[in-house]
file model27.csv (CSV, C-alpha atoms and all ligand atoms)
chain,number,residue,atom,x,y,z
A,37,MET,CA,37.6,-45.5,-85.6
A,38,THR,CA,37.1,-42.2,-87.4
A,39,ARG,CA,36.7,-39.3,-85.1
A,40,LEU,CA,34.0,-36.7,-85.3
A,41,LEU,CA,33.2,-33.7,-83.2
A,42,LEU,CA,29.5,-32.9,-82.5
A,43,LEU,CA,28.8,-29.4,-81.2
A,44,ALA,CA,25.3,-28.9,-79.9
A,45,THR,CA,23.6,-25.5,-79.7
A,46,GLY,CA,19.9,-26.3,-79.2
A,47,GLY,CA,17.1,-25.4,-81.6
A,48,THR,CA,14.0,-27.4,-82.6
A,49,ILE,CA,16.1,-30.4,-83.3
A,50,ALA,CA,16.6,-30.5,-79.6
A,51,GLY,CA,13.0,-29.4,-78.9
A,52,ARG,CA,10.2,-31.2,-77.1
A,53,ALA,CA,6.4,-30.9,-77.0
A,54,ALA,CA,3.9,-32.5,-74.7
A,55,GLU,CA,2.2,-34.3,-77.6
A,56,ALA,CA,3.5,-35.9,-80.8
A,57,THR,CA,1.0,-33.9,-82.8
A,58,GLN,CA,2.3,-30.5,-81.5
A,59,LEU,CA,4.4,-29.0,-84.3
A,60,ASN,CA,4.4,-25.4,-83.2
A,61,ALA,CA,3.8,-25.4,-79.4
A,62,TYR,CA,7.1,-26.9,-78.2
A,63,THR,CA,10.2,-25.7,-76.3
A,64,ALA,CA,13.3,-25.5,-78.4
A,65,GLY,CA,16.7,-26.4,-76.9
A,66,VAL,CA,15.7,-28.9,-74.3
A,67,MET,CA,17.5,-32.1,-75.2
A,68,ALA,CA,21.3,-32.3,-74.9
A,69,GLY,CA,23.5,-33.3,-77.7
A,70,ASP,CA,24.2,-36.6,-76.0
A,71,GLU,CA,20.5,-37.4,-76.0
A,72,LEU,CA,20.2,-36.6,-79.7
A,73,LEU,CA,23.1,-39.0,-80.4
A,74,ALA,CA,21.7,-41.7,-78.1
A,75,ALA,CA,18.4,-41.6,-80.1
A,76,LEU,CA,20.3,-42.5,-83.2
A,77,PRO,CA,21.7,-46.1,-82.8
A,78,GLN,CA,22.3,-46.1,-86.6
A,79,LEU,CA,25.3,-43.9,-85.9
A,80,GLN,CA,27.0,-46.4,-83.7
A,81,GLY,CA,30.0,-47.9,-85.4
A,82,LEU,CA,30.2,-45.1,-88.0
A,83,ALA,CA,32.5,-42.9,-86.0
A,84,ASP,CA,33.8,-42.1,-82.5
A,85,ILE,CA,31.8,-39.0,-81.8
A,86,THR,CA,32.7,-36.5,-79.1
A,87,VAL,CA,29.8,-34.2,-78.1
A,88,VAL,CA,30.3,-30.7,-76.7
A,89,GLN,CA,27.3,-28.7,-75.6
A,90,ILE,CA,28.0,-25.1,-76.6
A,91,ALA,CA,24.5,-23.9,-75.7
A,92,ASN,CA,21.0,-25.2,-75.6
A,93,VAL,CA,18.9,-22.3,-76.8
A,94,ASP,CA,16.4,-21.3,-79.5
A,95,SER,CA,18.7,-20.0,-82.2
A,96,ALA,CA,17.0,-16.5,-82.0
A,97,ASP,CA,18.7,-16.3,-78.6
A,98,LEU,CA,22.2,-17.1,-79.7
A,99,LEU,CA,24.8,-14.5,-78.7
A,100,PHE,CA,28.1,-13.5,-80.1
A,101,GLY,CA,29.7,-15.3,-77.2
A,102,HIS,CA,28.2,-18.6,-78.5
A,103,TRP,CA,29.7,-17.8,-82.0
A,104,ARG,CA,33.1,-17.2,-80.4
A,105,ALA,CA,32.9,-20.5,-78.5
A,106,LEU,CA,31.9,-22.4,-81.6
A,107,VAL,CA,34.8,-20.9,-83.6
A,108,GLY,CA,37.3,-21.5,-80.9
A,109,ARG,CA,36.2,-25.2,-80.4
A,110,ILE,CA,36.4,-25.9,-84.1
A,111,ARG,CA,39.7,-24.2,-84.7
A,112,ASP,CA,41.2,-25.9,-81.6
A,113,ALA,CA,39.8,-29.3,-82.6
A,114,PHE,CA,41.2,-29.2,-86.1
A,115,ALA,CA,44.6,-27.9,-85.0
A,116,ALA,CA,44.9,-30.6,-82.2
A,117,ASP,CA,43.7,-33.6,-84.1
A,118,PRO,CA,44.9,-34.2,-87.7
A,119,GLU,CA,42.8,-37.4,-87.7
A,120,LEU,CA,39.5,-35.6,-86.9
A,121,ALA,CA,37.3,-36.2,-89.9
A,122,GLY,CA,35.0,-33.2,-89.5
A,123,VAL,CA,32.5,-31.3,-87.3
A,124,VAL,CA,28.8,-31.5,-87.1
A,125,ILE,CA,26.8,-28.7,-85.4
A,126,THR,CA,23.2,-29.1,-84.3
A,127,HIS,CA,21.5,-25.7,-84.6
A,128,GLY,CA,18.1,-24.0,-84.6
A,129,THR,CA,17.0,-23.3,-88.1
A,130,ASN,CA,16.0,-19.7,-87.7
A,131,THR,CA,19.5,-18.3,-87.7
A,132,LEU,CA,21.4,-21.3,-89.0
A,133,GLU,CA,22.4,-19.6,-92.2
A,134,GLU,CA,24.2,-16.8,-90.2
A,135,THR,CA,26.2,-19.2,-88.2
A,136,ALA,CA,27.1,-21.2,-91.3
A,137,TRP,CA,28.3,-18.1,-93.1
A,138,LEU,CA,30.2,-16.9,-90.1
A,139,LEU,CA,32.1,-20.2,-89.8
A,140,GLN,CA,32.8,-20.2,-93.6
A,141,LEU,CA,34.5,-16.8,-93.1
A,142,LEU,CA,36.5,-17.9,-90.1
A,143,ILE,CA,37.4,-21.6,-90.4
A,144,ASP,CA,40.2,-22.4,-92.8
A,145,ASP,CA,40.3,-26.2,-93.1
A,146,PRO,CA,39.3,-28.5,-96.0
A,147,ARG,CA,37.6,-30.9,-93.5
A,148,PRO,CA,33.8,-30.6,-93.5
A,149,VAL,CA,31.9,-28.5,-91.0
A,150,VAL,CA,28.3,-29.4,-91.4
A,151,LEU,CA,25.3,-27.7,-89.8
A,152,VAL,CA,22.0,-29.5,-89.3
A,153,GLY,CA,18.6,-28.6,-87.7
A,154,ALA,CA,15.0,-29.7,-87.8
A,155,MET,CA,11.7,-28.1,-88.6
A,156,ARG,CA,9.8,-30.4,-86.2
A,157,PRO,CA,10.6,-31.0,-82.6
A,158,ALA,CA,12.2,-34.3,-81.6
A,159,THR,CA,8.8,-35.5,-80.1
A,160,ALA,CA,6.8,-34.9,-83.3
A,161,LEU,CA,5.3,-37.5,-85.5
A,162,SER,CA,7.7,-37.8,-88.4
A,163,ALA,CA,10.4,-35.7,-86.7
A,164,ASP,CA,13.0,-34.7,-89.3
A,165,GLY,CA,15.9,-34.1,-86.8
A,166,PRO,CA,17.1,-37.7,-86.6
A,167,LEU,CA,17.5,-38.2,-90.3
A,168,ASN,CA,19.0,-34.7,-90.7
A,169,LEU,CA,21.6,-35.5,-88.0
A,170,PHE,CA,22.3,-38.9,-89.5
A,171,GLN,CA,22.8,-37.4,-92.9
A,172,GLY,CA,24.9,-34.5,-91.5
A,173,VAL,CA,27.2,-37.1,-90.0
A,174,GLN,CA,27.2,-39.0,-93.3
A,175,VAL,CA,28.3,-35.9,-95.1
A,176,ALA,CA,30.9,-34.9,-92.5
A,177,LEU,CA,32.5,-38.3,-92.8
A,178,SER,CA,32.6,-38.3,-96.6
A,179,PRO,CA,35.7,-37.6,-98.6
A,180,GLU,CA,33.3,-36.0,-101.2
A,181,ALA,CA,32.6,-33.1,-98.8
A,182,HIS,CA,36.3,-32.1,-98.5
A,183,GLY,CA,37.1,-28.6,-99.6
A,184,HIS,CA,33.5,-27.5,-100.1
A,185,GLY,CA,33.6,-25.2,-97.1
A,186,VAL,CA,30.9,-25.0,-94.4
A,187,LEU,CA,27.8,-27.0,-95.4
A,188,VAL,CA,24.2,-27.2,-94.3
A,189,VAL,CA,22.4,-30.5,-94.6
A,190,MET,CA,18.6,-30.4,-94.4
A,191,ASP,CA,16.0,-32.7,-95.9
A,192,GLY,CA,18.6,-34.6,-97.9
A,193,GLN,CA,19.9,-31.5,-99.6
A,194,ILE,CA,23.5,-30.2,-99.1
A,195,HIS,CA,23.8,-26.4,-99.3
A,196,GLY,CA,26.8,-24.1,-99.3
A,197,ALA,CA,27.1,-21.5,-96.5
A,198,GLN,CA,27.1,-18.5,-98.7
A,199,ARG,CA,23.8,-19.0,-100.5
A,200,VAL,CA,21.7,-21.1,-98.1
A,201,THR,CA,18.7,-19.5,-96.5
A,202,LYS,CA,15.6,-20.5,-94.7
A,203,VAL,CA,12.7,-19.8,-97.1
A,204,ALA,CA,9.6,-21.2,-95.2
A,205,THR,CA,8.2,-21.0,-91.7
A,206,GLN,CA,6.9,-24.6,-91.8
A,207,GLY,CA,7.6,-27.9,-93.5
A,208,VAL,CA,10.7,-30.0,-93.7
A,209,GLY,CA,11.9,-28.5,-97.0
A,210,ALA,CA,12.4,-25.1,-95.6
A,211,PHE,CA,15.9,-24.4,-96.9
A,212,ALA,CA,17.0,-23.3,-100.3
A,213,SER,CA,20.0,-21.7,-102.1
A,214,PRO,CA,18.2,-19.1,-104.3
A,215,GLY,CA,19.8,-18.5,-107.7
A,216,SER,CA,22.0,-21.6,-107.6
A,217,GLY,CA,20.2,-24.4,-105.9
A,218,PRO,CA,21.8,-26.9,-103.5
A,219,LEU,CA,25.4,-28.0,-104.0
A,220,GLY,CA,24.3,-31.6,-103.8
A,221,TRP,CA,22.3,-34.4,-102.1
A,222,VAL,CA,22.8,-37.1,-99.6
A,223,ASP,CA,20.9,-40.4,-99.5
A,224,ASP,CA,21.4,-44.0,-98.6
A,225,VAL,CA,23.5,-44.5,-101.7
A,226,GLY,CA,26.0,-41.9,-100.6
A,227,VAL,CA,27.0,-38.2,-100.7
A,228,HIS,CA,26.6,-36.5,-104.1
A,229,LEU,CA,28.6,-33.4,-104.5
A,230,PRO,CA,30.6,-31.9,-107.4
A,231,VAL,CA,34.0,-33.5,-107.7
A,232,ASN,CA,35.7,-30.1,-107.9
A,233,ALA,CA,34.8,-27.9,-105.0
A,234,ALA,CA,34.3,-24.2,-105.8
A,235,ASP,CA,36.7,-21.7,-104.2
A,236,ARG,CA,36.2,-21.4,-100.5
A,237,PHE,CA,36.3,-17.8,-99.2
A,238,CYS,CA,37.8,-17.8,-95.8
A,239,PHE,CA,38.7,-14.1,-95.4
A,240,PHE,CA,39.2,-14.1,-91.7
A,241,ALA,CA,41.2,-17.4,-91.1
A,242,ASP,CA,43.5,-15.7,-88.5
A,243,LEU,CA,41.0,-13.3,-86.9
A,244,SER,CA,40.7,-13.5,-83.1
A,245,LEU,CA,37.2,-12.8,-82.0
A,246,PRO,CA,36.8,-10.3,-79.1
A,247,GLU,CA,34.5,-10.5,-76.1
A,248,HIS,CA,32.7,-7.3,-77.2
A,249,TRP,CA,31.5,-7.1,-80.7
A,250,PRO,CA,30.6,-4.1,-82.8
A,251,GLN,CA,26.9,-3.1,-83.1
A,252,VAL,CA,25.5,-3.6,-86.6
A,253,ALA,CA,21.9,-2.9,-87.2
A,254,ILE,CA,19.6,-4.0,-90.2
A,255,VAL,CA,17.2,-1.4,-91.5
A,256,HIS,CA,14.3,-2.9,-93.5
A,257,GLY,CA,13.1,-0.9,-96.6
A,258,CYS,CA,9.4,-0.3,-97.1
A,259,VAL,CA,7.0,2.5,-98.2
A,260,GLU,CA,7.6,5.7,-96.2
A,261,PRO,CA,9.9,4.3,-93.6
A,262,PRO,CA,10.0,6.5,-90.4
A,263,GLY,CA,12.6,9.2,-91.2
A,264,PHE,CA,14.0,9.2,-87.7
A,265,GLN,CA,15.0,5.5,-87.8
A,266,ILE,CA,18.4,6.0,-89.5
A,267,THR,CA,19.2,9.2,-87.7
A,268,ALA,CA,18.4,7.5,-84.4
A,269,LEU,CA,20.8,4.6,-85.1
A,270,LEU,CA,23.5,7.0,-86.2
A,271,GLN,CA,23.0,9.1,-83.1
A,272,ALA,CA,23.2,5.9,-81.0
A,273,GLY,CA,26.7,5.3,-82.4
A,274,VAL,CA,26.0,2.2,-84.4
A,275,ASP,CA,29.2,0.8,-85.9
A,276,GLY,CA,27.7,-0.6,-89.1
A,277,LEU,CA,24.4,-0.6,-91.0
A,278,VAL,CA,22.9,-3.0,-93.4
A,279,PHE,CA,20.0,-1.9,-95.6
A,280,THR,CA,17.4,-4.4,-96.7
A,281,GLY,CA,16.7,-2.2,-99.7
A,282,THR,CA,13.7,-2.6,-101.9
A,283,GLY,CA,14.1,-4.2,-105.3
A,284,ALA,CA,17.8,-4.3,-106.3
A,285,GLY,CA,18.8,-2.8,-103.0
A,286,GLN,CA,17.3,0.6,-103.3
A,287,LEU,CA,17.1,3.1,-100.5
A,288,SER,CA,14.2,5.6,-100.3
A,289,ARG,CA,14.7,9.3,-100.8
A,290,SER,CA,14.2,9.9,-97.1
A,291,GLU,CA,16.8,7.3,-96.1
A,292,ARG,CA,19.4,8.7,-98.5
A,293,GLN,CA,18.6,12.2,-97.2
A,294,ALA,CA,19.2,11.0,-93.6
A,295,LEU,CA,22.6,9.9,-94.6
A,296,GLU,CA,23.3,13.1,-96.6
A,297,GLU,CA,22.4,15.3,-93.6
A,298,TRP,CA,24.3,13.3,-91.0
A,299,GLN,CA,27.1,15.6,-89.8
A,300,GLY,CA,29.3,13.0,-88.1
A,301,PRO,CA,31.4,10.2,-89.5
A,302,LEU,CA,29.3,7.5,-91.3
A,303,PRO,CA,29.7,3.9,-90.2
A,304,LEU,CA,30.5,1.1,-92.6
A,305,MET,CA,27.3,0.4,-94.6
A,306,LEU,CA,26.1,-2.3,-96.9
A,307,ARG,CA,23.1,-2.3,-99.3
A,308,SER,CA,21.4,-5.7,-99.5
A,309,ASN,CA,17.8,-6.4,-100.7
A,310,ARG,CA,14.5,-7.8,-99.6
A,311,CYS,CA,13.8,-9.8,-102.7
A,312,GLY,CA,15.6,-13.0,-101.6
A,313,ARG,CA,17.3,-13.7,-104.9
A,314,GLY,CA,19.7,-11.9,-107.2
A,315,PRO,CA,22.7,-9.5,-106.7
A,316,VAL,CA,22.8,-5.9,-105.7
A,317,HIS,CA,25.3,-3.8,-107.7
A,318,ASP,CA,27.1,-0.6,-107.0
A,319,ARG,CA,25.4,2.7,-107.8
A,320,GLU,CA,27.1,5.9,-108.8
A,321,ASP,CA,26.2,7.8,-105.7
A,322,ASP,CA,27.1,4.9,-103.3
A,323,ALA,CA,30.6,6.3,-102.6
A,324,GLU,CA,29.4,9.8,-101.6
A,325,LEU,CA,26.8,8.3,-99.2
A,326,GLY,CA,29.3,5.8,-97.8
A,327,LEU,CA,27.4,2.8,-99.1
A,328,LEU,CA,28.6,-0.4,-100.6
A,329,ALA,CA,26.5,-3.0,-102.5
A,330,ALA,CA,26.3,-6.3,-100.7
A,331,ALA,CA,26.5,-8.3,-103.9
A,332,ASP,CA,24.6,-11.6,-103.4
A,333,LEU,CA,24.6,-11.6,-99.6
A,334,ASN,CA,21.2,-11.5,-98.0
A,335,PRO,CA,20.9,-8.9,-95.1
A,336,PRO,CA,21.8,-11.2,-92.2
A,337,LYS,CA,24.8,-12.5,-94.1
A,338,ALA,CA,25.9,-9.0,-95.1
A,339,ARG,CA,25.7,-8.2,-91.4
A,340,VAL,CA,27.9,-11.1,-90.5
A,341,LEU,CA,30.5,-9.9,-93.0
A,342,LEU,CA,30.3,-6.4,-91.7
A,343,LEU,CA,30.7,-7.6,-88.1
A,344,LEU,CA,33.9,-9.4,-89.0
A,345,ALA,CA,35.2,-6.6,-91.2
A,346,LEU,CA,34.7,-4.2,-88.3
A,347,ILE,CA,36.4,-6.6,-85.9
A,348,ALA,CA,39.3,-6.9,-88.3
A,349,GLY,CA,39.5,-3.1,-88.7
A,350,LEU,CA,38.8,-3.0,-92.4
A,351,ASP,CA,37.8,0.1,-94.2
A,352,ARG,CA,35.3,0.6,-97.0
A,353,ASP,CA,37.8,-0.2,-99.8
A,354,ASP,CA,39.0,-3.4,-98.1
A,355,LEU,CA,35.4,-4.5,-97.7
A,356,ALA,CA,34.7,-3.7,-101.3
A,357,GLY,CA,37.6,-6.0,-102.2
A,358,LEU,CA,36.2,-8.9,-100.1
A,359,LEU,CA,32.8,-8.4,-101.7
A,360,SER,CA,34.0,-8.6,-105.2
A,361,ALA,CA,36.1,-11.6,-104.4
A,362,SER,CA,33.2,-13.4,-102.9
A,363,HIS,CA,30.7,-12.6,-105.7
A,364,ARG,CA,30.6,-15.4,-108.2
B,1,LIG,N1,13.0,-22.1,-82.9
B,1,LIG,C1,13.9,-22.8,-83.6
B,1,LIG,C2,15.3,-22.2,-83.6
B,1,LIG,O1,16.0,-22.4,-82.7
B,1,LIG,C3,13.4,-23.0,-85.0
B,1,LIG,C4,14.1,-24.3,-85.5
B,1,LIG,O2,15.1,-24.7,-85.0
B,1,LIG,O3,13.6,-24.8,-86.4
B,1,LIG,O4,15.7,-21.5,-84.5
call {"tool": "encode", "arguments": {"input": "model27.csv", "output": "structure tokens"}}
result
Amino acid sequence: MTRLLLLATGGTIAGRAAEATQLNAYTAGVMAGDELLAALPQLQGLADITVVQIANVDSADLLFGHWRALVGRIRDAFAADPELAGVVITHGTNTLEETAWLLQLLIDDPRPVVLVGAMRPATALSADGPLNLFQGVQVALSPEAHGHGVLVVMDGQIHGAQRVTKVATQGVGAFASPGSGPLGWVDDVGVHLPVNAADRFCFFADLSLPEHWPQVAIVHGCVEPPGFQITALLQAGVDGLVFTGTGAGQLSRSERQALEEWQGPLPLMLRSNRCGRGPVHDREDDAELGLLAAADLNPPKARVLLLLALIAGLDRDDLAGLLSASHR
């Protein structure tokens, strides 16, 4: 039978509440991956699924060590088993898009890696986890998904790792790919994806992940941000900064001033935006302030790219090259 690897990390999909009507008061990351699988007899006979529990946490509590373990498991499994059809990951929805993008940048294999989560705990009336997991497996087993990179399957939609983002705090349709829409759909008829996969950007296929990761902070733009915020981060020795700029990635005068007045070396810095849709382009004074436009990456995804760039020892020019290659 076809072999599949299921990596469980926790989240609401593995969450439990005391009552079936409790949609908010529940504990995430309670059920093991084996239990999620056992609750889905419909998967029996579809594939021989090996379950590995990487963590069982709310995804806000994931650590770089969990990312390292996920990457190591997937790379090893693909290298060891040419017959392995793909990988499915159960994950909390809050940071799912970060993990998806991280894996996209690190896993160089045409076989599908599919992340699924749930907006309602496993105990809820109309829990969405079982169908999302079933459909995630369906996508991971499908030839149609080959070459599309890391995918996210939620509510019957198939999203690409670069664009997908959580756009709602509640409701099963909480994921979107702003600007482009989902890559495709999955239903009982099959997996519907474009025949020709777009280019996959796996910039760090050979990168080994260290035990200790660089520190990259995100600074959120707003009216009159506290002037000391950026200086405090620079003084603390942060390795990278991502700005969630206003509008098309704009920094306030006081934020720019903090960078201008900083006497030490500047860290690698990316300008993203808080609008949620649309690109951020280079500005004339970016270079002198040490900034780079994050193109269409949202702030957490810009941070993931920056983390890996720092681990790989890239400089600002190298990073600019990656950004322009990934911007379609
Ligand atoms: N608290 C959850 C998490 O682990 C939310 C979810 O999974 O929907 O991200």
call {"tool": "atom_distance", "arguments": {"input": "model27.csv", "atom1": "atom CA of Ile143 of chain A", "atom2": "atom CA of Arg109 of chain A"}}
result
10.7 Å
call {"tool": "closest_residue", "arguments": {"input": "model27.csv", "among": "A:His248, A:His363, A:Arg292, A:Arg199", "to": "Ala212 of chain A", "atoms": "only C-alpha atoms"}}
result
A:Arg199
call {"tool": "residues_near_ligand", "arguments": {"input": "model27.csv", "ligand": "ligand LIG 1 (chain B)", "cutoff": "12 Å", "atoms": "only C-alpha atoms and all ligand atoms", "output": "ChimeraX atom specification"}}
result
/A:44-52,59-66,91-98,126-135,151-158,163-165,190,202-211
call {"tool": "residues_around", "arguments": {"input": "model27.csv", "residues": "Lys337 of chain A", "least_positions_apart": "5", "cutoff": "10 Å", "atoms": "all atoms listed in the file", "output": "number ranges by chain"}}
result
A: 133-138, 197-201, 278, 308, 330, 332, 342-343
call {"tool": "closest_residue", "arguments": {"input": "model27.csv", "among": "A:Leu243, A:Val124, A:Ala329, A:Val189", "to": "Asp353 of chain A", "atoms": "all atoms listed in the file"}}
result
A:Ala329
call {"tool": "closest_residue", "arguments": {"input": "model27.csv", "among": "A:Ser290, A:Thr280, A:Ser178, A:Thr38", "to": "Asn309 of chain A", "atoms": "all atoms listed in the file"}}
result
A:Thr280
call {"tool": "residues_near_point", "arguments": {"input": "model27.csv", "point": "(32.8, -28.4, -102.0)", "cutoff": "8 Å", "atoms": "all atoms listed in the file", "output": "VMD selection string"}}
result
chain A and resid 180 to 185 196 219 229 to 234 236
call {"tool": "residues_around", "arguments": {"input": "model27.csv", "residues": "Asp275 of chain A", "least_positions_apart": "3", "cutoff": "7 Å", "atoms": "all atoms listed in the file", "output": "ChimeraX atom specification"}}
result
/A:250-252,303-304
call {"tool": "atom_distance", "arguments": {"input": "model27.csv", "atom1": "atom CA of Glu297 of chain A", "atom2": "atom CA of Leu325 of chain A"}}
result
10.0 Å
call {"tool": "residues_around", "arguments": {"input": "model27.csv", "residues": "segment 74-83 of chain A", "least_positions_apart": "2", "cutoff": "7 Å", "atoms": "all atoms listed in the file", "output": "list in words"}}
result
Met37, Thr38, Arg39, Leu40, Asp70, Glu71, Leu72, Ile85, Pro166 and Phe170 of chain A
call {"tool": "atom_distance", "arguments": {"input": "model27.csv", "atom1": "atom CA of Pro246 of chain A", "atom2": "atom CA of Phe279 of chain A"}}
result
25.0 Å
call {"tool": "residues_around", "arguments": {"input": "model27.csv", "residues": "Gly314 of chain A", "least_positions_apart": "2", "cutoff": "9 Å", "atoms": "all atoms listed in the file", "output": "list in words"}}
result
Pro214, Gly215, Ala284, Asn309, Cys311, Gly312, Val316, Ala331 and Asp332 of chain A
call {"tool": "closest_residue", "arguments": {"input": "model27.csv", "among": "A:Leu245, A:Leu295, A:Val175, A:Ala115", "to": "Leu346 of chain A", "atoms": "only C-alpha atoms"}}
result
A:Leu245
call {"tool": "residues_around", "arguments": {"input": "model27.csv", "residues": "Val255 of chain A", "least_positions_apart": "6", "cutoff": "12 Å", "atoms": "all atoms listed in the file", "output": "tab-separated table (two decimals) with C-alpha atoms, in the coordinates of the input"}}
result
chain	number	residue	atom	x	y	z
A	261	PRO	CA	9.90	4.30	-93.60
A	262	PRO	CA	10.00	6.50	-90.40
A	263	GLY	CA	12.60	9.20	-91.20
A	264	PHE	CA	14.00	9.20	-87.70
A	265	GLN	CA	15.00	5.50	-87.80
A	266	ILE	CA	18.40	6.00	-89.50
A	267	THR	CA	19.20	9.20	-87.70
A	268	ALA	CA	18.40	7.50	-84.40
A	269	LEU	CA	20.80	4.60	-85.10
A	270	LEU	CA	23.50	7.00	-86.20
A	274	VAL	CA	26.00	2.20	-84.40
A	276	GLY	CA	27.70	-0.60	-89.10
A	277	LEU	CA	24.40	-0.60	-91.00
A	278	VAL	CA	22.90	-3.00	-93.40
A	279	PHE	CA	20.00	-1.90	-95.60
A	280	THR	CA	17.40	-4.40	-96.70
A	281	GLY	CA	16.70	-2.20	-99.70
A	282	THR	CA	13.70	-2.60	-101.90
A	285	GLY	CA	18.80	-2.80	-103.00
A	286	GLN	CA	17.30	0.60	-103.30
A	287	LEU	CA	17.10	3.10	-100.50
A	288	SER	CA	14.20	5.60	-100.30
A	291	GLU	CA	16.80	7.30	-96.10
A	305	MET	CA	27.30	0.40	-94.60
A	306	LEU	CA	26.10	-2.30	-96.90
A	307	ARG	CA	23.10	-2.30	-99.30
A	308	SER	CA	21.40	-5.70	-99.50
A	309	ASN	CA	17.80	-6.40	-100.70
A	310	ARG	CA	14.50	-7.80	-99.60
A	335	PRO	CA	20.90	-8.90	-95.10
A	336	PRO	CA	21.80	-11.20	-92.20
A	339	ARG	CA	25.70	-8.20	-91.40
call {"tool": "closest_residue", "arguments": {"input": "model27.csv", "among": "A:Trp221, A:Ala56, A:Leu169, A:His102", "to": "Gly69 of chain A", "atoms": "all atoms listed in the file"}}
result
A:Leu169
call {"tool": "decode", "arguments": {"input": "model27.csv", "residues": "segment 324-329 of chain A", "atoms": "all heavy atoms", "output": "PDB file, in the first residue's frame"}}
result
ATOM      1  N   GLU A 324      20.375  53.401   2.256  1.00  0.00           N
ATOM      2  CA  GLU A 324      21.139  54.112   3.294  1.00  0.00           C
ATOM      3  C   GLU A 324      20.653  53.770   4.705  1.00  0.00           C
ATOM      4  O   GLU A 324      21.411  53.857   5.662  1.00  0.00           O
ATOM      5  CB  GLU A 324      21.115  55.631   3.049  1.00  0.00           C
ATOM      6  CG  GLU A 324      19.809  56.296   3.309  1.00  0.00           C
ATOM      7  CD  GLU A 324      19.655  57.614   2.534  1.00  0.00           C
ATOM      8  OE1 GLU A 324      19.883  57.635   1.313  1.00  0.00           O
ATOM      9  OE2 GLU A 324      19.298  58.595   3.171  1.00  0.00           O
ATOM     10  N   LEU A 325      19.392  53.355   4.825  1.00  0.00           N
ATOM     11  CA  LEU A 325      18.882  52.951   6.145  1.00  0.00           C
ATOM     12  C   LEU A 325      19.069  51.456   6.395  1.00  0.00           C
ATOM     13  O   LEU A 325      18.695  50.935   7.447  1.00  0.00           O
ATOM     14  CB  LEU A 325      17.392  53.292   6.253  1.00  0.00           C
ATOM     15  CG  LEU A 325      17.068  54.789   6.304  1.00  0.00           C
ATOM     16  CD1 LEU A 325      15.565  55.006   6.225  1.00  0.00           C
ATOM     17  CD2 LEU A 325      17.615  55.398   7.580  1.00  0.00           C
ATOM     18  N   GLY A 326      19.593  50.752   5.406  1.00  0.00           N
ATOM     19  CA  GLY A 326      19.821  49.317   5.564  1.00  0.00           C
ATOM     20  C   GLY A 326      18.565  48.497   5.411  1.00  0.00           C
ATOM     21  O   GLY A 326      18.524  47.329   5.794  1.00  0.00           O
ATOM     22  N   LEU A 327      17.511  49.095   4.826  1.00  0.00           N
ATOM     23  CA  LEU A 327      16.236  48.386   4.703  1.00  0.00           C
ATOM     24  C   LEU A 327      16.112  47.663   3.364  1.00  0.00           C
ATOM     25  O   LEU A 327      16.783  48.021   2.398  1.00  0.00           O
ATOM     26  CB  LEU A 327      15.083  49.391   4.826  1.00  0.00           C
ATOM     27  CG  LEU A 327      14.910  50.046   6.187  1.00  0.00           C
ATOM     28  CD1 LEU A 327      14.066  51.307   6.062  1.00  0.00           C
ATOM     29  CD2 LEU A 327      14.266  49.074   7.170  1.00  0.00           C
ATOM     30  N   LEU A 328      15.235  46.684   3.322  1.00  0.00           N
ATOM     31  CA  LEU A 328      14.895  45.997   2.075  1.00  0.00           C
ATOM     32  C   LEU A 328      13.387  45.789   2.046  1.00  0.00           C
ATOM     33  O   LEU A 328      12.804  45.408   3.074  1.00  0.00           O
ATOM     34  CB  LEU A 328      15.520  44.602   2.056  1.00  0.00           C
ATOM     35  CG  LEU A 328      16.831  44.359   1.367  1.00  0.00           C
ATOM     36  CD1 LEU A 328      17.180  42.882   1.490  1.00  0.00           C
ATOM     37  CD2 LEU A 328      16.750  44.741  -0.110  1.00  0.00           C
ATOM     38  N   ALA A 329      12.769  45.986   0.900  1.00  0.00           N
ATOM     39  CA  ALA A 329      11.331  45.740   0.786  1.00  0.00           C
ATOM     40  C   ALA A 329      11.073  44.237   0.783  1.00  0.00           C
ATOM     41  O   ALA A 329      11.776  43.478   0.113  1.00  0.00           O
ATOM     42  CB  ALA A 329      10.806  46.371  -0.490  1.00  0.00           C
TER      43      ALA A 329
END
